[in-house]
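Asker: Here it is, the structure in full.
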Amino acid sequence: MQNPSKKYVVDIWSDYVCPWCWIAKRRFEKALENFPQKDDVQVNVRAYRLAASHAPEPMIAALKRKLGNPDSAEAMMSTVSKYGQADGLDYRFDTMMFGDTADAHVLVKAVEDTTVKNRLVEALYEQSTSHGKSLFDRANLEAIAKEAGVPDESIELAWSSVELRVEMVEDEHFAAQLGSGVPLFVFNNTFSVSGAQPEAAFLEALNQMVAKARTEDSSLMGQVCGIDGCEI
């Protein structure tokens, strides 16, 4: 886990081909915007692949296979689309693709600037979910990255760095230890929230994070000595 530069840390594991992850991201962002201590929160983007080593295929076909029958897949897509629309997100399952998103995750990790990184993450969701762009072709990824303002050197680093791919796998191993899928939100490395929870649930988790941190701070205040002696 990287060292925090702010008082509170939220680590988010997600995948760009996870139907619920974009909705969860948007709801968390709304909660964070309404959080009084938002400027003290560092948000880390973590990698998780739902389909490691899986060849790209249409999302609808993947859902039908995973859920076992067309009716279940249709019901799931209808639900996701409805909730997505409520959060201002356009889901177009007929053009969405499913597969190994390693290159997309490594590309995000190669970006150091937080603002540009966040812009790239949002673009990856939007371009793949709303516009049917493939995340499994480096030319497409480079076009999305450049549109988001990612510098050429970061793109080159993504395709050449072994260390970033190792970091991606380490992210996945850490998430696996928690025994949950994605989306997964870990607050100050003390407790987690999984799934596309309502905005109110994320806000409650943020408040709980602060409360726990304050409790831990007070519990660390042991016996002290002053000029007039020591507390007993």
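Chain labels A, B, ... are given in the sequence in which chains occur in the structure tokens; within each chain residues are numbered consecutively from 1, and ligands are likewise numbered from 1 in the order shown.
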Could you pull out the alpha helix (DSSP H) residues of segment 10-232 of chain A, going by DSSP on the backbone, and write them as number ranges by chain?
Answerer: A: 21-33, 59-67, 70-86, 102-109, 114-129, 138-147, 152-160, 162-177, 199-219
Asker: List the spatial neighbours of segment 66-74 of chain A as number ranges by chain - criterion: any atom at most 12 Å away, only C-alpha atoms, same-chain residues fewer than 5 positions off excluded.
Answerer: A: 19, 50-51, 59-61, 79-81, 93-94, 98
Asker: Excluding Ser14 of chain A and its own-chain neighbours fewer than 5 positions away, which residues fall within 7 Å of it when counting only C-alpha atoms? Please give them as a list in words.
Answerer: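 After dropping sequence-adjacent residues, the list is Cys21, Arg46, Ala47, Tyr48, Val182, Pro183 and Leu184 of chain A.
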Asker: Could you tell me how far atom CA of Ser154 of chain A sits from atom CA of Asp113 of chain A, in Å to one decimal place?
Answerer: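 Calculated distance between atom CA of Asp113 of chain A and atom CA of Ser154 of chain A is 10.2 Å.
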Asker: So that I can check the surroundings of Trp13 of chain A, please list as an mmCIF file with C-alpha atoms, in the first residue's frame every protein, DNA and RNA residue that reaches within 12 Å of it, counting only C-alpha atoms and ignoring chain neighbours fewer than 4 positions away.
Answerer:
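Output (around07.cif):
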data_model
loop_
_atom_site.group_PDB
_atom_site.id
_atom_site.type_symbol
_atom_site.label_atom_id
_atom_site.label_comp_id
_atom_site.auth_asym_id
_atom_site.auth_seq_id
_atom_site.Cartn_x
_atom_site.Cartn_y
_atom_site.Cartn_z
ATOM 1 C CA CYS A 18 -17.317 -4.471 -14.103
ATOM 2 C CA CYS A 21 -18.060 -0.352 -10.714
ATOM 3 C CA TRP A 22 -18.818 2.866 -12.623
ATOM 4 C CA ALA A 24 -20.182 2.738 -7.369
ATOM 5 C CA LYS A 25 -17.486 5.210 -8.406
ATOM 6 C CA VAL A 43 -8.193 8.259 -2.807
ATOM 7 C CA ASN A 44 -6.022 5.501 -4.274
ATOM 8 C CA VAL A 45 -7.021 3.660 -7.456
ATOM 9 C CA ARG A 46 -6.256 -0.047 -7.164
ATOM 10 C CA ALA A 47 -6.275 -2.707 -9.880
ATOM 11 C CA TYR A 48 -8.459 -5.788 -10.092
ATOM 12 C CA ARG A 49 -9.136 -7.874 -13.189
ATOM 13 C CA LEU A 50 -12.368 -9.803 -13.400
ATOM 14 C CA HIS A 105 -4.866 -0.845 -15.254
ATOM 15 C CA MET A 168 -1.128 -4.592 -10.465
ATOM 16 C CA GLU A 170 -0.024 -7.176 -5.827
ATOM 17 C CA ASP A 171 -3.206 -5.094 -5.780
ATOM 18 C CA GLU A 172 -5.191 -8.142 -6.833
ATOM 19 C CA HIS A 173 -3.588 -10.360 -4.200
ATOM 20 C CA PHE A 174 -4.376 -7.851 -1.457
ATOM 21 C CA ALA A 175 -8.022 -7.643 -2.527
ATOM 22 C CA ALA A 176 -8.254 -11.437 -2.646
ATOM 23 C CA LEU A 178 -10.241 -9.581 1.900
ATOM 24 C CA SER A 180 -14.572 -9.840 -1.705
ATOM 25 C CA GLY A 181 -15.071 -8.944 -5.337
ATOM 26 C CA VAL A 182 -15.281 -5.490 -6.867
ATOM 27 C CA PRO A 183 -16.166 -2.720 -6.451
ATOM 28 C CA LEU A 184 -14.361 -2.717 -3.099
ATOM 29 C CA PHE A 185 -13.645 0.324 -0.920
ATOM 30 C CA VAL A 186 -11.191 0.108 1.993
ATOM 31 C CA PHE A 187 -11.272 2.977 4.471
ATOM 32 C CA SER A 192 -14.225 -2.201 3.863
ATOM 33 C CA VAL A 193 -17.444 -1.587 1.950
ATOM 34 C CA SER A 194 -18.248 -3.655 -1.125
ATOM 35 C CA GLY A 195 -20.679 -3.186 -3.974
#
Asker: Atom CA of Met77 of chain A to atom CA of Arg92 of chain A: how many Å, to one decimal?
Answerer: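 If I compute the distance from atom CA of Met77 of chain A to atom CA of Arg92 of chain A, I get 9.2 Å.
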Asker: Report, in Å to a single decimal, how far apart atom CA of Gln42 of chain A and atom CA of Lys6 of chain A are.
Answerer: 5.7 Å
Asker: Looking at A:Gln177, A:Ser161, A:Asn189, A:Gln208, which one is nearest to Leu107 of chain A, with distances taken over only C-alpha atoms?
Answerer: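 Between A:Gln177, A:Ser161, A:Asn189, A:Gln208, the residue approaching Leu107 of chain A most closely is A:Ser161.
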Asker: Between A:Met97, A:Ala75, A:Met209, A:Val150, which is the closest to Arg119 of chain A once you count only C-alpha atoms?
Answerer: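 Among the listed residues, A:Val150 lies closest to Arg119 of chain A.
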Asker: According to DSSP computed on the backbone, where in segment 9-198 of chain A is there strand (DSSP E)? Give the residues as a PyMOL selection string.
Answerer: chain A and resi 9-14+41-47+57-58+97-98+184-187+191-194
Asker: May I have the residues within 12 Å of Arg138 of chain A as a list in words, using only C-alpha atoms and disregarding those fewer than 2 positions away in the same chain?
Answerer: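 Listed by chain and then number, they are Thr101, Ala102, Asp103, Ala104, Val106, Leu107, Lys133, Ser134, Leu135, Phe136, Asn140, Leu141, Glu142, Ala143, Ile144, Ala145, Lys146, Ile155, Glu156, Ala158 and Trp159 of chain A.
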Asker: Return the single residue from A:Thr190, A:Gln127, A:Arg26, A:Leu89 that is closest to Ala205 of chain A, with distances computed using only C-alpha atoms.
Answerer: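 Closest to Ala205 of chain A, using only C-alpha atoms: A:Thr190.
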Asker: Which residues, written as a list in words, have at least one atom at most 9 Å from Lys117 of chain A, with only C-alpha atoms counted and residues fewer than 4 positions away on the same chain left out?
Answerer: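 So, after excluding close chain neighbours, the residues are Val45, Val108, Lys109, Ala110, Val111, Glu112, Asp113, Val121, Glu122, Ala148 and Val150 of chain A.
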Asker: Write to file, as a PDB file, in the first residue's frame, the residues of the selection just made, with N, CA and C atoms.
Answerer:
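Contents of selection-v2.pdb, as written:
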ATOM      1  N   VAL A  45      -6.417   4.555  -6.464  1.00  0.00           N
ATOM      2  CA  VAL A  45      -7.021   3.660  -7.456  1.00  0.00           C
ATOM      3  C   VAL A  45      -6.228   2.366  -7.478  1.00  0.00           C
ATOM      4  N   VAL A 108      -3.212   3.336 -16.105  1.00  0.00           N
ATOM      5  CA  VAL A 108      -3.612   4.214 -14.997  1.00  0.00           C
ATOM      6  C   VAL A 108      -2.481   4.334 -13.986  1.00  0.00           C
ATOM      7  N   LYS A 109      -1.829   3.237 -13.682  1.00  0.00           N
ATOM      8  CA  LYS A 109      -0.737   3.261 -12.710  1.00  0.00           C
ATOM      9  C   LYS A 109       0.452   4.086 -13.194  1.00  0.00           C
ATOM     10  N   ALA A 110       0.604   4.216 -14.495  1.00  0.00           N
ATOM     11  CA  ALA A 110       1.744   4.959 -15.048  1.00  0.00           C
ATOM     12  C   ALA A 110       1.567   6.469 -14.921  1.00  0.00           C
ATOM     13  N   VAL A 111       0.377   6.921 -14.598  1.00  0.00           N
ATOM     14  CA  VAL A 111       0.094   8.355 -14.501  1.00  0.00           C
ATOM     15  C   VAL A 111       0.312   8.827 -13.072  1.00  0.00           C
ATOM     16  N   GLU A 112       1.171   9.809 -12.885  1.00  0.00           N
ATOM     17  CA  GLU A 112       1.471  10.308 -11.541  1.00  0.00           C
ATOM     18  C   GLU A 112       0.544  11.433 -11.116  1.00  0.00           C
ATOM     19  N   ASP A 113       0.193  12.322 -12.018  1.00  0.00           N
ATOM     20  CA  ASP A 113      -0.648  13.461 -11.674  1.00  0.00           C
ATOM     21  C   ASP A 113      -2.055  12.984 -11.299  1.00  0.00           C
ATOM     22  N   VAL A 121      -9.280   7.556 -15.596  1.00  0.00           N
ATOM     23  CA  VAL A 121     -10.159   6.515 -15.057  1.00  0.00           C
ATOM     24  C   VAL A 121     -11.589   6.737 -15.523  1.00  0.00           C
ATOM     25  N   GLU A 122     -12.067   7.963 -15.430  1.00  0.00           N
ATOM     26  CA  GLU A 122     -13.430   8.266 -15.864  1.00  0.00           C
ATOM     27  C   GLU A 122     -13.581   8.024 -17.366  1.00  0.00           C
ATOM     28  N   ALA A 148      -7.429  12.335 -22.526  1.00  0.00           N
ATOM     29  CA  ALA A 148      -7.532  12.669 -21.103  1.00  0.00           C
ATOM     30  C   ALA A 148      -6.351  13.493 -20.610  1.00  0.00           C
ATOM     31  N   VAL A 150      -3.010  12.507 -20.791  1.00  0.00           N
ATOM     32  CA  VAL A 150      -1.882  11.706 -20.318  1.00  0.00           C
ATOM     33  C   VAL A 150      -0.669  11.965 -21.210  1.00  0.00           C
TER      34      VAL A 150
END
